[in-house]
$ cat entry-v1.pdb   # PDB, C-alpha atoms
MODEL        1
ATOM      1  CA  MET A   1       0.000   0.000   0.000
ATOM      2  CA  CYS A   2       1.316   3.439  -0.909
ATOM      3  CA  SER A   3       1.146   6.439   1.403
ATOM      4  CA  VAL A   4      -0.494   9.567   0.099
ATOM      5  CA  ILE A   5       1.497  12.790   0.645
ATOM      6  CA  ARG A   6      -0.382  16.044   0.634
ATOM      7  CA  VAL A   7       2.180  18.224  -1.190
ATOM      8  CA  LYS A   8       0.595  21.672  -1.114
ATOM      9  CA  PRO A   9       0.215  21.981   2.682
ATOM     10  CA  VAL A  10       3.813  20.826   3.129
ATOM     11  CA  LEU A  11       5.090  23.366   0.605
ATOM     12  CA  ARG A  12       3.112  26.130   2.290
ATOM     13  CA  LEU A  13       4.650  25.162   5.647
ATOM     14  CA  LEU A  14       8.182  25.151   4.191
ATOM     15  CA  SER A  15       7.603  28.518   2.570
ATOM     16  CA  LEU A  16       6.393  30.030   5.876
ATOM     17  CA  SER A  17       9.420  28.610   7.726
ATOM     18  CA  LEU A  18      11.864  30.010   5.184
ATOM     19  CA  ARG A  19      10.205  33.426   5.305
ATOM     20  CA  LEU A  20      10.379  33.560   9.094
ATOM     21  CA  ASN A  21      14.040  32.528   9.089
ATOM     22  CA  THR A  22      14.874  35.126   6.445
ATOM     23  CA  GLU A  23      13.081  37.888   8.345
ATOM     24  CA  GLY A  24      14.766  36.879  11.595
ATOM     25  CA  SER A  25      18.190  36.924   9.953
ATOM     26  CA  SER A  26      17.474  40.330   8.427
ATOM     27  CA  ARG A  27      16.437  41.748  11.792
ATOM     28  CA  ALA A  28      19.544  40.292  13.452
ATOM     29  CA  ALA A  29      21.780  41.724  10.727
ATOM     30  CA  ALA A  30      20.155  45.142  11.059
ATOM     31  CA  GLN A  31      20.549  45.054  14.835
ATOM     32  CA  SER A  32      24.192  44.052  14.421
ATOM     33  CA  ARG A  33      24.790  46.964  12.057
ATOM     34  CA  ARG A  34      23.164  49.361  14.508
ATOM     35  CA  LEU A  35      25.345  48.122  17.363
ATOM     36  CA  ARG A  36      28.495  48.349  15.270
ATOM     37  CA  SER A  37      27.764  51.893  14.206
ATOM     38  CA  GLY A  38      26.522  52.989  17.646
ATOM     39  CA  VAL A  39      23.228  54.272  16.177
ATOM     40  CA  GLY A  40      20.451  54.651  18.717
ATOM     41  CA  ALA A  41      22.414  53.319  21.703
ATOM     42  CA  GLY A  42      24.860  56.203  21.939
ATOM     43  CA  LEU A  43      27.738  53.714  21.974
ATOM     44  CA  GLU A  44      31.126  53.760  20.327
ATOM     45  CA  PRO A  45      31.928  50.772  18.103
ATOM     46  CA  LEU A  46      33.553  47.886  19.946
ATOM     47  CA  ALA A  47      37.256  47.673  19.165
ATOM     48  CA  ALA A  48      38.561  44.364  17.892
ATOM     49  CA  SER A  49      41.063  44.349  20.758
ATOM     50  CA  THR A  50      38.202  44.019  23.262
ATOM     51  CA  ARG A  51      37.312  40.643  21.824
ATOM     52  CA  ARG A  52      40.965  39.686  21.641
ATOM     53  CA  TYR A  53      41.364  40.099  25.390
ATOM     54  CA  CYS A  54      38.702  37.459  26.029
ATOM     55  CA  THR A  55      40.276  35.070  23.531
ATOM     56  CA  ARG A  56      43.660  35.669  25.067
ATOM     57  CA  MET A  57      42.410  34.896  28.561
ATOM     58  CA  ALA A  58      40.754  31.701  27.355
ATOM     59  CA  ARG A  59      43.703  30.484  25.286
ATOM     60  CA  THR A  60      44.971  26.943  25.719
ATOM     61  CA  GLY A  61      47.683  26.762  28.340
ATOM     62  CA  ALA A  62      46.741  29.998  30.108
ATOM     63  CA  PRO A  63      47.090  30.024  33.886
ATOM     64  CA  LEU A  64      44.086  29.827  36.152
ATOM     65  CA  PHE A  65      43.303  33.372  37.252
ATOM     66  CA  ARG A  66      41.113  34.865  39.968
ATOM     67  CA  GLN A  67      40.679  38.515  40.908
ATOM     68  CA  LEU A  68      39.478  38.959  44.501
ATOM     69  CA  PHE A  69      38.367  42.129  46.287
ATOM     70  CA  GLU A  70      38.621  43.450  49.847
ATOM     71  CA  SER A  71      36.073  46.229  50.313
ATOM     72  CA  GLU A  72      37.438  48.163  53.320
ATOM     73  CA  SER A  73      40.657  49.220  51.585
ATOM     74  CA  SER A  74      39.407  48.562  48.030
ATOM     75  CA  THR A  75      42.310  46.176  47.510
ATOM     76  CA  TYR A  76      42.544  43.558  44.773
ATOM     77  CA  THR A  77      44.193  40.223  45.535
ATOM     78  CA  TYR A  78      45.216  38.064  42.585
ATOM     79  CA  LEU A  79      45.542  34.289  42.461
ATOM     80  CA  LEU A  80      47.333  32.604  39.552
ATOM     81  CA  ALA A  81      47.987  28.899  39.110
ATOM     82  CA  ASP A  82      49.247  26.355  36.618
ATOM     83  CA  VAL A  83      46.192  24.282  35.672
ATOM     84  CA  GLU A  84      48.248  21.098  35.362
ATOM     85  CA  THR A  85      50.691  21.164  38.297
ATOM     86  CA  LYS A  86      48.359  23.255  40.526
ATOM     87  CA  GLU A  87      51.330  25.342  41.677
ATOM     88  CA  ALA A  88      50.089  28.838  42.511
ATOM     89  CA  VAL A  89      51.104  32.339  43.538
ATOM     90  CA  VAL A  90      49.023  34.974  45.325
ATOM     91  CA  ILE A  91      49.593  38.719  44.926
ATOM     92  CA  ASP A  92      48.770  41.311  47.629
ATOM     93  CA  PRO A  93      46.684  39.164  50.034
ATOM     94  CA  VAL A  94      44.818  41.071  52.779
ATOM     95  CA  LEU A  95      44.530  40.032  56.440
ATOM     96  CA  GLU A  96      40.747  40.515  56.618
ATOM     97  CA  THR A  97      40.120  38.079  53.763
ATOM     98  CA  ILE A  98      42.596  35.322  54.625
ATOM     99  CA  ASP A  99      39.854  32.771  55.374
ATOM    100  CA  ARG A 100      38.146  33.443  52.049
ATOM    101  CA  ASP A 101      41.418  33.171  50.155
ATOM    102  CA  LEU A 102      42.538  29.947  51.840
ATOM    103  CA  LYS A 103      39.093  28.421  51.317
ATOM    104  CA  LEU A 104      39.317  29.135  47.585
ATOM    105  CA  ILE A 105      42.835  27.717  47.398
ATOM    106  CA  ARG A 106      41.662  24.500  49.078
ATOM    107  CA  GLU A 107      38.563  24.248  46.888
ATOM    108  CA  LEU A 108      40.655  24.548  43.730
ATOM    109  CA  GLY A 109      43.190  22.045  45.019
ATOM    110  CA  LEU A 110      46.092  24.473  44.600
ATOM    111  CA  ASP A 111      49.619  24.229  45.952
ATOM    112  CA  LEU A 112      50.399  27.817  46.932
ATOM    113  CA  LYS A 113      54.134  28.389  46.567
ATOM    114  CA  VAL A 114      54.634  32.151  46.975
ATOM    115  CA  ALA A 115      52.707  35.041  48.517
ATOM    116  CA  VAL A 116      54.090  38.270  47.101
ATOM    117  CA  ASN A 117      53.402  41.898  47.944
ATOM    118  CA  THR A 118      53.896  44.509  45.241
ATOM    119  CA  HIS A 119      55.155  46.934  47.929
ATOM    120  CA  CYS A 120      54.876  47.718  51.642
ATOM    121  CA  HIS A 121      51.230  48.759  51.862
ATOM    122  CA  ALA A 122      50.029  51.651  54.027
ATOM    123  CA  ASP A 123      46.255  51.128  53.874
ATOM    124  CA  HIS A 124      45.921  47.490  54.950
ATOM    125  CA  ILE A 125      47.834  44.703  56.660
ATOM    126  CA  THR A 126      49.039  41.861  54.492
ATOM    127  CA  SER A 127      47.979  38.318  55.353
ATOM    128  CA  THR A 128      51.261  36.885  54.085
ATOM    129  CA  GLY A 129      52.771  36.168  57.507
ATOM    130  CA  LEU A 130      49.660  34.536  58.928
ATOM    131  CA  MET A 131      49.119  32.623  55.690
ATOM    132  CA  LYS A 132      52.605  31.149  56.052
ATOM    133  CA  LYS A 133      51.644  29.823  59.479
ATOM    134  CA  ARG A 134      48.643  28.046  57.983
ATOM    135  CA  LEU A 135      50.200  26.696  54.774
ATOM    136  CA  VAL A 136      53.303  24.536  55.113
ATOM    137  CA  GLY A 137      56.026  25.427  52.641
ATOM    138  CA  LEU A 138      54.607  28.808  51.609
ATOM    139  CA  ARG A 139      57.234  31.519  51.086
ATOM    140  CA  SER A 140      56.782  35.290  51.230
ATOM    141  CA  ALA A 141      58.273  37.729  48.729
ATOM    142  CA  ILE A 142      58.700  41.487  48.404
ATOM    143  CA  SER A 143      61.130  43.964  46.833
ATOM    144  CA  LYS A 144      64.588  44.129  48.371
ATOM    145  CA  PHE A 145      64.171  47.916  48.440
ATOM    146  CA  SER A 146      61.000  47.754  50.581
ATOM    147  CA  GLY A 147      62.849  47.400  53.884
ATOM    148  CA  ALA A 148      60.431  44.614  54.801
ATOM    149  CA  THR A 149      61.086  41.094  56.075
ATOM    150  CA  ALA A 150      60.408  38.245  53.631
ATOM    151  CA  ASP A 151      61.742  34.858  52.575
ATOM    152  CA  ILE A 152      62.523  36.176  49.088
ATOM    153  CA  HIS A 153      63.781  39.661  48.317
ATOM    154  CA  LEU A 154      63.153  40.493  44.675
ATOM    155  CA  SER A 155      64.897  42.809  42.240
ATOM    156  CA  GLU A 156      64.726  43.758  38.554
ATOM    157  CA  GLY A 157      64.475  40.745  36.246
ATOM    158  CA  ASP A 158      63.844  38.161  38.971
ATOM    159  CA  THR A 159      61.141  35.597  38.260
ATOM    160  CA  ILE A 160      58.497  33.919  40.398
ATOM    161  CA  PRO A 161      57.762  30.493  38.861
ATOM    162  CA  PHE A 162      54.559  28.499  39.275
ATOM    163  CA  GLY A 163      54.381  25.370  37.178
ATOM    164  CA  LYS A 164      55.275  26.223  33.582
ATOM    165  CA  HIS A 165      54.411  29.881  34.138
ATOM    166  CA  TYR A 166      56.290  32.712  35.798
ATOM    167  CA  LEU A 167      56.034  36.367  36.743
ATOM    168  CA  THR A 168      58.906  38.726  35.971
ATOM    169  CA  VAL A 169      59.778  41.596  38.297
ATOM    170  CA  ARG A 170      59.975  45.136  36.951
ATOM    171  CA  GLU A 171      61.082  47.654  39.559
ATOM    172  CA  THR A 172      58.691  50.620  39.445
ATOM    173  CA  PRO A 173      59.526  52.940  42.376
ATOM    174  CA  GLY A 174      57.866  56.289  42.926
ATOM    175  CA  HIS A 175      54.888  55.504  45.140
ATOM    176  CA  THR A 176      57.412  53.824  47.453
ATOM    177  CA  ASP A 177      61.039  52.796  46.955
ATOM    178  CA  GLY A 178      60.034  49.147  46.897
ATOM    179  CA  CYS A 179      57.226  49.140  44.347
ATOM    180  CA  MET A 180      57.238  46.388  41.725
ATOM    181  CA  THR A 181      55.174  45.485  38.687
ATOM    182  CA  LEU A 182      54.820  41.749  38.053
ATOM    183  CA  VAL A 183      54.479  40.733  34.401
ATOM    184  CA  LEU A 184      53.262  37.340  33.168
ATOM    185  CA  GLU A 185      55.746  35.494  30.935
ATOM    186  CA  ASP A 186      53.917  36.278  27.674
ATOM    187  CA  GLN A 187      53.331  39.924  28.661
ATOM    188  CA  SER A 188      49.570  39.436  28.499
ATOM    189  CA  MET A 189      49.039  40.596  32.098
ATOM    190  CA  ALA A 190      50.773  43.110  34.369
ATOM    191  CA  PHE A 191      50.086  43.441  38.098
ATOM    192  CA  THR A 192      51.005  47.042  38.772
ATOM    193  CA  GLY A 193      50.375  47.394  42.507
ATOM    194  CA  ASP A 194      49.933  51.053  43.467
ATOM    195  CA  THR A 195      52.260  52.294  40.725
ATOM    196  CA  LEU A 196      49.675  52.438  37.939
ATOM    197  CA  LEU A 197      45.955  52.479  38.705
ATOM    198  CA  ILE A 198      43.060  52.549  36.255
ATOM    199  CA  ARG A 199      43.000  56.166  35.010
ATOM    200  CA  GLY A 200      45.233  57.131  37.913
ATOM    201  CA  CYS A 201      48.408  56.286  39.815
ATOM    202  CA  GLY A 202      49.723  55.899  43.342
ATOM    203  CA  ARG A 203      50.232  58.946  45.522
ATOM    204  CA  THR A 204      53.743  60.262  46.132
ATOM    205  CA  ASP A 205      53.456  62.298  49.340
ATOM    206  CA  PHE A 206      54.743  59.729  51.873
ATOM    207  CA  GLN A 207      56.835  56.525  52.153
ATOM    208  CA  GLN A 208      59.747  57.727  49.980
ATOM    209  CA  GLY A 209      57.306  58.965  47.347
ATOM    210  CA  SER A 210      58.672  60.804  44.311
ATOM    211  CA  PRO A 211      56.512  62.002  41.411
ATOM    212  CA  GLU A 212      59.561  62.211  39.126
ATOM    213  CA  ARG A 213      60.519  58.578  39.794
ATOM    214  CA  LEU A 214      56.909  57.416  39.471
ATOM    215  CA  TYR A 215      56.524  59.107  36.080
ATOM    216  CA  GLU A 216      59.765  57.559  34.856
ATOM    217  CA  SER A 217      58.839  54.099  36.194
ATOM    218  CA  ILE A 218      55.479  54.034  34.457
ATOM    219  CA  HIS A 219      56.709  55.358  31.136
ATOM    220  CA  GLN A 220      59.837  53.199  31.007
ATOM    221  CA  LYS A 221      58.704  49.968  32.673
ATOM    222  CA  ILE A 222      54.933  49.706  32.081
ATOM    223  CA  PHE A 223      54.111  51.806  29.034
ATOM    224  CA  THR A 224      56.772  49.871  27.113
ATOM    225  CA  LEU A 225      54.666  46.706  27.401
ATOM    226  CA  PRO A 226      52.355  45.750  24.491
ATOM    227  CA  ASP A 227      49.208  47.857  24.089
ATOM    228  CA  GLN A 228      46.972  44.813  24.672
ATOM    229  CA  CYS A 229      48.697  43.840  27.946
ATOM    230  CA  LEU A 230      46.023  43.765  30.650
ATOM    231  CA  VAL A 231      46.649  46.060  33.629
ATOM    232  CA  TYR A 232      45.558  44.760  37.031
ATOM    233  CA  PRO A 233      46.145  47.310  39.832
ATOM    234  CA  ALA A 234      46.231  46.767  43.599
ATOM    235  CA  HIS A 235      43.291  49.113  44.145
ATOM    236  CA  ASP A 236      40.271  50.636  42.508
ATOM    237  CA  TYR A 237      37.699  52.877  44.153
ATOM    238  CA  LEU A 238      35.169  53.152  41.311
ATOM    239  CA  GLY A 239      34.338  49.511  40.583
ATOM    240  CA  GLN A 240      36.744  49.195  37.658
ATOM    241  CA  THR A 241      38.506  45.848  37.422
ATOM    242  CA  VAL A 242      40.974  45.931  34.540
ATOM    243  CA  SER A 243      42.502  48.190  31.929
ATOM    244  CA  THR A 244      45.201  47.847  29.274
ATOM    245  CA  VAL A 245      48.571  49.452  28.707
ATOM    246  CA  GLY A 246      47.242  51.005  25.511
ATOM    247  CA  GLU A 247      44.222  52.514  27.268
ATOM    248  CA  GLU A 248      46.258  53.993  30.110
ATOM    249  CA  ARG A 249      48.872  55.410  27.770
ATOM    250  CA  LYS A 250      46.080  57.116  25.811
ATOM    251  CA  PHE A 251      43.491  58.039  28.431
ATOM    252  CA  ASN A 252      45.138  58.269  31.883
ATOM    253  CA  PRO A 253      44.478  61.919  32.845
ATOM    254  CA  ARG A 254      47.711  62.257  34.831
ATOM    255  CA  LEU A 255      50.127  60.255  32.713
ATOM    256  CA  THR A 256      49.191  61.850  29.400
ATOM    257  CA  LYS A 257      50.725  65.052  30.792
ATOM    258  CA  ASN A 258      54.399  65.985  30.493
ATOM    259  CA  LEU A 259      56.682  65.503  33.484
ATOM    260  CA  GLU A 260      56.384  69.082  34.778
ATOM    261  CA  GLU A 261      52.576  69.002  34.658
ATOM    262  CA  PHE A 262      52.519  65.556  36.280
ATOM    263  CA  VAL A 263      54.735  66.669  39.162
ATOM    264  CA  ASN A 264      52.517  69.711  39.730
ATOM    265  CA  ILE A 265      49.403  67.512  39.864
ATOM    266  CA  MET A 266      50.967  65.039  42.296
ATOM    267  CA  ASN A 267      52.304  67.772  44.590
ATOM    268  CA  ASN A 268      48.867  69.336  44.926
ATOM    269  CA  LEU A 269      46.571  66.356  45.569
ATOM    270  CA  ASN A 270      46.245  67.226  49.284
ATOM    271  CA  LEU A 271      45.032  63.763  50.223
ATOM    272  CA  ARG A 272      44.447  62.533  53.754
ATOM    273  CA  HIS A 273      46.780  59.809  54.954
ATOM    274  CA  PRO A 274      45.340  56.268  54.938
ATOM    275  CA  ALA A 275      43.435  55.525  58.141
ATOM    276  CA  LYS A 276      45.553  52.474  58.971
ATOM    277  CA  ILE A 277      48.971  53.854  58.028
ATOM    278  CA  ASP A 278      50.300  53.886  61.610
ATOM    279  CA  ILE A 279      49.545  50.205  62.132
ATOM    280  CA  ALA A 280      49.758  48.889  58.570
ATOM    281  CA  VAL A 281      53.283  50.008  57.732
ATOM    282  CA  PRO A 282      54.957  48.636  60.896
ATOM    283  CA  ALA A 283      53.034  45.372  60.500
ATOM    284  CA  ASN A 284      53.859  45.000  56.830
ATOM    285  CA  LEU A 285      57.552  45.585  57.501
ATOM    286  CA  VAL A 286      57.467  42.278  59.399
ATOM    287  CA  CYS A 287      55.296  40.323  56.968
ATOM    288  CA  GLY A 288      52.037  41.416  58.587
ATOM    289  CA  LEU A 289      52.728  39.768  61.952
ATOM    290  CA  HIS A 290      53.235  42.877  64.096
ATOM    291  CA  GLU A 291      51.222  42.504  67.336
ATOM    292  CA  LEU A 292      49.096  39.677  65.934
TER     293      LEU A 292
ENDMDL
END

$ encode --input "entry-v1.pdb" --output "structure tokens"
Amino acid sequence: MCSVIRVKPVLRLLSLSLRLNTEGSSRAAAQSRRLRSGVGAGLEPLAASTRRYCTRMARTGAPLFRQLFESESSTYTYLLADVETKEAVVIDPVLETIDRDLKLIRELGLDLKVAVNTHCHADHITSTGLMKKRLVGLRSAISKFSGATADIHLSEGDTIPFGKHYLTVRETPGHTDGCMTLVLEDQSMAFTGDTLLIRGCGRTDFQQGSPERLYESIHQKIFTLPDQCLVYPAHDYLGQTVSTVGEERKFNPRLTKNLEEFVNIMNNLNLRHPAKIDIAVPANLVCGLHEL
């Protein structure tokens, strides 16, 4: 027995489906064109580099990366790890969030090798010393020019390895004598501490601060990195999380000035001292263990 196929209804259904798909594609294309041109939304076109950052972060072989925040001092702590060996390094950990940080490290099954501070902080106490007491084999690190106690004293060109990855030290004094920027091996990420902030920079009115040295450090040691290098600072007070070397070189309102203008700006900020400076600095000089 043969089956009877009703052709016309089927053709009508196919025609309707094709029309709907075509209209949907046209609407999507039109919307895409509007977004690219910024029409109606008041937006600038997305730069190709914005997409490249995401691809770069998701590339095969990239380290595990977490950006963590401490709200009282608006400090960022960074955790990086080799996804295969699980060896890890933590940058600028804060005393108030040590339990959170250690919990995350345990959950991810990481072997934390080094806790490094980008400089001797004045606005919070580092958790490095206490973390060492709770993690066997952990070593602390800081610049040799910081005047602070640590297991490892770092200088220009030194590396901090974790698995197949490593961070390279670039000395960037100016905010303090012992400020460092830590650059990932492929120069895709730079952890700038208080030297370079997003659309700003560290103050220079205490702790051996020098606007001339800060300006030179940023222009010679950070702005010489690739434009697409991601900038991760130690602080942000406006909810910003990341920038790039190219953005800061082009848009940073202080660092687009010449040296004389920059020095004048920095010498007239008239900022209050950090609330914890009298306890944070002495504590951080001894790895955060002062009177704990």

$ closest_residue --input "entry-v1.pdb" --among "A:Leu95, A:Ala141, A:Ile277, A:Ala88" --to "His153 of chain A" --atoms "all atoms listed in the file"
A:Ala141

$ atom_distance --input "entry-v1.pdb" --atom1 "atom CA of Asp151 of chain A" --atom2 "atom CA of Arg139 of chain A"
5.8 Å

$ residues_around --input "entry-v1.pdb" --residues "segment 103-117 of chain A" --least-positions-apart "4" --cutoff "8 Å" --atoms "all atoms listed in the file" --output "PyMOL selection string"
chain A and resi 81+86-93+99+126+128+135+137-142+160+162

$ residues_around --input "entry-v1.pdb" --residues "Gly193 of chain A" --least-positions-apart "3" --cutoff "6 Å" --atoms "all atoms listed in the file" --output "short mmCIF file (atom, residue, chain, number, x, y, z; two decimals) with C-alpha atoms, in the coordinates of the input"
data_model
loop_
_atom_site.label_atom_id
_atom_site.label_comp_id
_atom_site.auth_asym_id
_atom_site.auth_seq_id
_atom_site.Cartn_x
_atom_site.Cartn_y
_atom_site.Cartn_z
CA THR A 118 53.90 44.51 45.24
CA PRO A 233 46.14 47.31 39.83
CA ALA A 234 46.23 46.77 43.60
#

$ resolve_selection --input "entry-v1.pdb" --expression "the PyMOL selection byres ((chain A and resi 265) around 12)" --output "ChimeraX atom specification"
/A:200-201,203-205,211-212,215,253-264,266-271

$ resolve_selection --input "entry-v1.pdb" --expression "the PyMOL selection byres ((chain A and resi 244) around 6)" --output "PyMOL selection string"
chain A and resi 228-231+243+245-247

$ atom_distance --input "entry-v1.pdb" --atom1 "atom CA of Phe69 of chain A" --atom2 "atom CA of Asp82 of chain A"
21.5 Å

$ closest_residue --input "entry-v1.pdb" --among "A:Arg213, A:His119, A:Lys133, A:His165" --to "Met180 of chain A" --atoms "all atoms listed in the file"
A:His119

$ closest_residue --input "entry-v1.pdb" --among "A:Thr60, A:Gln207, A:Thr241, A:Thr168" --to "Ser146 of chain A" --atoms "all atoms listed in the file"
A:Gln207

$ resolve_selection --input "entry-v1.pdb" --expression "the PyMOL selection byres ((chain A and resi 286) around 10)" --output "list in words"
Cys120, Thr126, Thr128, Gly129, Gly147, Ala148, Thr149, Ala150, Val281, Pro282, Ala283, Asn284, Leu285, Cys287, Gly288, Leu289 and His290 of chain A

$ axis_aligned_box --input "entry-v1.pdb" --around "segment 122-125 of chain A" --padding-each-side "6 Å" --output "lines of an AutoDock Vina configuration file"
center_x = 48.0
center_y = 48.2
center_z = 55.3
size_x = 16.1
size_y = 18.9
size_z = 14.8

$ atom_distance --input "entry-v1.pdb" --atom1 "atom CA of Tyr232 of chain A" --atom2 "atom CA of Ser143 of chain A"
18.4 Å

$ closest_residue --input "entry-v1.pdb" --among "A:Ile152, A:Val83, A:Ile222, A:Ile279" --to "Leu182 of chain A" --atoms "only C-alpha atoms"
A:Ile222

$ closest_residue --input "entry-v1.pdb" --among "A:Met189, A:Leu79, A:Leu154, A:Val183" --to "Leu102 of chain A" --atoms "all atoms listed in the file"
A:Leu79

$ residues_around --input "entry-v1.pdb" --residues "His273 of chain A" --least-positions-apart "3" --cutoff "9 Å" --atoms "all atoms listed in the file" --output "list in words"
Ala122, Asp123, Phe206, Lys276 and Ile277 of chain A

$ write_last_selection --input "entry-v1.pdb" --atoms "C-alpha atoms" --output "PDB file, in the coordinates of the input"
ATOM      1  CA  ALA A 122      50.029  51.651  54.027  1.00  0.00           C
ATOM      2  CA  ASP A 123      46.255  51.128  53.874  1.00  0.00           C
ATOM      3  CA  PHE A 206      54.743  59.729  51.873  1.00  0.00           C
ATOM      4  CA  LYS A 276      45.553  52.474  58.971  1.00  0.00           C
ATOM      5  CA  ILE A 277      48.971  53.854  58.028  1.00  0.00           C
TER       6      ILE A 277
END

$ closest_residue --input "entry-v1.pdb" --among "A:His235, A:Arg272, A:Lys144, A:Arg199" --to "Glu248 of chain A" --atoms "all atoms listed in the file"
A:Arg199
